[in-house]
file target-v7.cif (mmCIF, C-alpha atoms)
data_entry
#
loop_
_atom_site.label_atom_id
_atom_site.label_comp_id
_atom_site.auth_asym_id
_atom_site.auth_seq_id
_atom_site.Cartn_x
_atom_site.Cartn_y
_atom_site.Cartn_z
CA MET A 1 -8.33 26.66 18.28
CA ALA A 2 -9.52 30.21 17.76
CA LEU A 3 -13.03 31.58 18.12
CA GLN A 4 -13.68 35.02 16.73
CA LYS A 5 -15.71 37.29 18.99
CA GLY A 6 -19.23 38.03 17.80
CA LYS A 7 -19.11 35.53 14.95
CA ASN A 8 -19.95 31.88 14.72
CA ILE A 9 -16.69 30.99 13.02
CA LEU A 10 -14.57 28.26 14.45
CA LYS A 11 -11.06 27.94 13.09
CA LEU A 12 -9.07 24.79 13.58
CA THR A 13 -5.37 24.56 12.97
CA LEU A 14 -3.75 21.49 11.50
CA ASP A 15 -2.11 20.69 14.84
CA GLU A 16 -5.52 20.19 16.44
CA PHE A 17 -6.49 17.24 14.27
CA SER A 18 -5.60 13.83 15.59
CA PHE A 19 -4.11 11.57 12.96
CA GLU A 20 -4.44 7.84 13.28
CA GLU A 21 -1.19 6.11 13.97
CA PHE A 22 -0.20 3.42 11.53
CA LYS A 23 2.84 1.39 10.59
CA LEU A 24 3.85 0.42 7.09
CA ILE A 25 5.76 -2.74 6.30
CA ALA A 26 7.16 -3.22 2.80
CA ILE A 27 7.51 -6.80 1.55
CA GLN A 28 9.52 -8.16 -1.34
CA THR A 29 8.36 -11.55 -2.59
CA PRO A 30 7.71 -13.31 -5.90
CA LEU A 31 4.38 -14.70 -4.60
CA GLU A 32 1.02 -13.77 -6.09
CA ASP A 33 -1.24 -11.60 -3.94
CA TYR A 34 -3.55 -14.40 -2.82
CA LYS A 35 -0.55 -16.53 -1.80
CA VAL A 36 0.87 -13.69 0.30
CA ALA A 37 -2.50 -13.32 2.05
CA PHE A 38 -2.70 -17.10 2.57
CA THR A 39 0.84 -17.19 3.99
CA LEU A 40 0.03 -14.40 6.45
CA ASN A 41 -3.24 -16.09 7.42
CA LYS A 42 -1.47 -19.37 8.11
CA ALA A 43 1.60 -17.97 9.88
CA PHE A 44 -0.14 -15.43 12.12
CA ASP A 45 -3.62 -16.88 12.57
CA MET A 46 -5.13 -14.02 10.56
CA PHE A 47 -8.08 -13.95 8.21
CA PHE A 48 -7.33 -11.64 5.29
CA ILE A 49 -10.25 -11.19 2.90
CA LYS A 50 -9.87 -9.83 -0.61
CA GLU A 51 -11.74 -6.59 -1.23
CA LEU A 52 -13.91 -6.61 -4.34
CA LEU A 53 -12.85 -3.13 -5.41
CA GLU A 54 -9.22 -2.64 -6.29
CA ILE A 55 -7.34 0.55 -5.57
CA GLU A 56 -6.99 2.60 -8.73
CA PHE A 57 -4.06 4.97 -9.13
CA THR A 58 -3.14 7.06 -12.17
CA ASN A 59 0.17 8.68 -13.03
CA GLU A 60 1.92 9.73 -16.24
CA ASN A 61 2.44 6.07 -17.26
CA GLY A 62 -1.22 5.14 -17.05
CA THR A 63 -3.71 3.76 -14.55
CA GLY A 64 -2.74 0.94 -12.24
CA HIS A 65 -5.03 -1.39 -10.33
CA PHE A 66 -3.83 -2.70 -6.97
CA SER A 67 -5.44 -5.59 -5.13
CA ARG A 68 -6.22 -5.18 -1.44
CA PHE A 69 -6.86 -7.65 1.36
CA THR A 70 -8.14 -6.60 4.80
CA PHE A 71 -8.22 -8.16 8.23
CA GLU A 72 -9.86 -6.68 11.32
CA ASP A 73 -7.97 -7.97 14.33
CA SER A 74 -10.42 -7.73 17.24
CA ASN A 75 -7.93 -9.23 19.72
CA ASN A 76 -5.36 -6.46 19.21
CA HIS A 77 -7.79 -3.78 17.97
CA LEU A 78 -5.90 -3.38 14.70
CA ILE A 79 -6.91 -3.06 11.08
CA TRP A 80 -4.55 -4.71 8.62
CA ASN A 81 -4.40 -3.90 4.89
CA LEU A 82 -2.29 -5.94 2.50
CA VAL A 83 -1.92 -3.98 -0.75
CA GLN A 84 -0.03 -4.58 -3.96
CA ASN A 85 2.60 -1.93 -4.56
CA LYS A 86 3.29 -2.79 -8.20
CA SER A 87 0.97 -2.74 -11.18
CA PHE A 88 1.90 -3.15 -14.81
CA VAL A 89 0.07 -1.35 -17.58
CA GLN A 90 0.41 -1.94 -21.28
CA ASN A 91 0.98 1.25 -23.19
CA LYS A 92 0.56 1.72 -26.88
CA ASN A 93 2.97 4.18 -28.37
CA PRO A 94 2.45 4.71 -32.09
CA GLN A 95 5.72 5.30 -33.91
CA GLU A 96 6.47 5.64 -37.55
CA ASP A 97 8.53 2.77 -38.88
CA SER A 98 8.99 4.24 -42.33
CA LEU A 99 7.77 7.12 -44.39
CA PHE A 100 4.40 5.52 -45.20
CA THR A 101 3.54 3.16 -42.31
CA GLU A 102 2.76 3.52 -38.67
CA ILE A 103 3.45 0.64 -36.27
CA ASP A 104 1.99 0.33 -32.79
CA HIS A 105 4.69 -0.65 -30.32
CA LYS A 106 3.40 -2.05 -27.03
CA PHE A 107 5.41 -1.94 -23.85
CA ASN A 108 4.72 -2.46 -20.16
CA SER A 109 5.19 0.27 -17.60
CA GLN A 110 5.39 -0.31 -13.88
CA ILE A 111 3.26 1.87 -11.65
CA ASN A 112 3.89 1.92 -7.91
CA LEU A 113 1.33 2.91 -5.32
CA ILE A 114 4.21 4.23 -3.21
CA PRO A 115 7.02 5.16 -5.65
CA GLU A 116 9.55 5.62 -2.82
CA LEU A 117 9.21 1.88 -2.15
CA ASN A 118 9.37 0.77 -5.79
CA LYS A 119 11.54 -2.29 -5.05
CA PHE A 120 8.82 -3.80 -2.86
CA ASP A 121 5.92 -5.86 -4.16
CA TYR A 122 3.46 -5.50 -1.26
CA LEU A 123 2.67 -3.10 1.54
CA LEU A 124 1.23 -4.13 4.86
CA LYS A 125 -0.48 -1.16 6.51
CA ILE A 126 -1.39 -1.61 10.16
CA ASP A 127 -3.94 0.97 11.33
CA GLU A 128 -4.69 2.04 14.89
CA ILE A 129 -1.44 0.57 16.17
CA ASP A 130 -0.05 1.67 19.51
CA ASP A 131 3.14 1.14 21.47
CA TYR A 132 1.80 -2.01 23.13
CA TYR A 133 1.87 -4.06 19.93
CA ASN A 134 5.30 -5.69 19.45
CA ILE A 135 5.97 -4.73 15.82
CA ASP A 136 9.61 -5.85 16.00
CA SER A 137 8.65 -9.40 16.90
CA PHE A 138 6.09 -9.47 14.08
CA ILE A 139 8.66 -8.22 11.54
CA SER A 140 11.22 -10.77 12.76
CA THR A 141 8.77 -13.63 12.24
CA LEU A 142 7.64 -12.19 8.90
CA SER A 143 11.26 -11.99 7.71
CA ASN A 144 11.75 -15.69 8.34
CA LEU A 145 8.81 -16.82 6.22
CA LYS A 146 9.58 -18.79 3.10
CA HIS A 147 9.56 -16.70 -0.11
CA PHE A 148 9.70 -13.37 1.76
CA SER A 149 13.10 -12.11 0.67
CA THR A 150 12.99 -8.63 2.21
CA VAL A 151 10.80 -7.13 4.93
CA TYR A 152 11.24 -3.47 5.82
CA LEU A 153 9.52 -1.21 8.34
CA ALA A 154 9.12 2.00 6.35
CA ASP A 155 9.50 5.44 7.90
CA THR A 156 6.16 7.00 6.97
CA ASN A 157 7.50 10.49 7.68
CA GLN A 158 9.93 10.11 4.77
CA ILE A 159 7.31 9.06 2.20
CA LYS A 160 6.01 11.92 0.10
CA SER A 161 3.24 9.87 -1.53
CA ILE A 162 1.78 8.69 1.79
CA ASN A 163 -1.67 10.04 0.81
CA ASN A 164 -1.92 7.15 -1.69
CA LEU A 165 -2.53 4.93 1.33
CA ILE A 166 -5.76 6.67 2.31
CA PHE A 167 -8.48 4.14 1.55
#

call {"tool": "encode", "arguments": {"input": "target-v7.cif", "output": "structure tokens"}}
result
Amino acid sequence: MALQKGKNILKLTLDEFSFEEFKLIAIQTPLEDYKVAFTLNKAFDMFFIKELLEIEFTNENGTGHFSRFTFEDSNNHLIWNLVQNKSFVQNKNPQEDSLFTEIDHKFNSQINLIPELNKFDYLLKIDEIDDYYNIDSFISTLSNLKHFSTVYLADTNQIKSINNLIF
């Protein structure tokens, strides 16, 4: 931190901000969002609640809407967010079929909230996590749940689109 003499200007460097620690678990499953939330509620004695407002994200393919469920864990002082990572938008791309007609071709595009994890259907963001919470045990149990084919603890330092998870 630097304070300039004679002026009331306070400069903060990026290193002086404290960032909340969080973990990100990527889940691959064919289940619908409400079934994933129900499965987590049942298996881990959680109480995920669906947020009324969906997360909206726009890229070159269109605008995707991602459902979000939250759970405030007062026992472990954690905030859990279950978020869809995939959204499908229908695009209309007018193309000429012949010299005199124009046909609208519709196709679906996949939009990912975190493109680096495009193979995963859901993201489980755990906010305010510390070293005392046994994340490995949680992931092990999560991996053994029926219909959860892949569970992966993502390295958040390697994800360029991590700002998409600010909500």

call {"tool": "residues_around", "arguments": {"input": "target-v7.cif", "residues": "segment 81-88 of chain A", "least_positions_apart": "5", "cutoff": "7 Å", "atoms": "only C-alpha atoms", "output": "count of residues only"}}
result
22

call {"tool": "residues_around", "arguments": {"input": "target-v7.cif", "residues": "Asn41 of chain A", "least_positions_apart": "4", "cutoff": "12 Å", "atoms": "all atoms listed in the file", "output": "list in words"}}
result
Tyr34, Lys35, Val36, Ala37, Asp45, Met46, Phe47, Phe48, Ile49, Phe69, Thr70, Phe71, Asp73, Trp80, Leu82 and Leu142 of chain A

call {"tool": "resolve_selection", "arguments": {"input": "target-v7.cif", "expression": "the PyMOL selection byres ((chain A and resi 151) around 9)", "output": "ChimeraX atom specification"}}
result
/A:25-28,120,139-140,142-143,148-150,152-153

call {"tool": "atom_distance", "arguments": {"input": "target-v7.cif", "atom1": "atom CA of Ile129 of chain A", "atom2": "atom CA of Leu78 of chain A"}}
result
6.1 Å

call {"tool": "atom_distance", "arguments": {"input": "target-v7.cif", "atom1": "atom CA of His147 of chain A", "atom2": "atom CA of Thr29 of chain A"}}
result
5.8 Å

call {"tool": "atom_distance", "arguments": {"input": "target-v7.cif", "atom1": "atom CA of Glu116 of chain A", "atom2": "atom CA of Leu24 of chain A"}}
result
12.6 Å

call {"tool": "closest_residue", "arguments": {"input": "target-v7.cif", "among": "A:Ser137, A:Gln90, A:Thr156, A:Asn164", "to": "Phe22 of chain A", "atoms": "all atoms listed in the file"}}
result
A:Thr156

call {"tool": "closest_residue", "arguments": {"input": "target-v7.cif", "among": "A:Glu32, A:Thr63, A:His77, A:Leu52", "to": "Tyr133 of chain A", "atoms": "only C-alpha atoms"}}
result
A:His77

call {"tool": "closest_residue", "arguments": {"input": "target-v7.cif", "among": "A:Lys146, A:Asn134, A:Glu56, A:Pro30", "to": "Leu165 of chain A", "atoms": "only C-alpha atoms"}}
result
A:Glu56
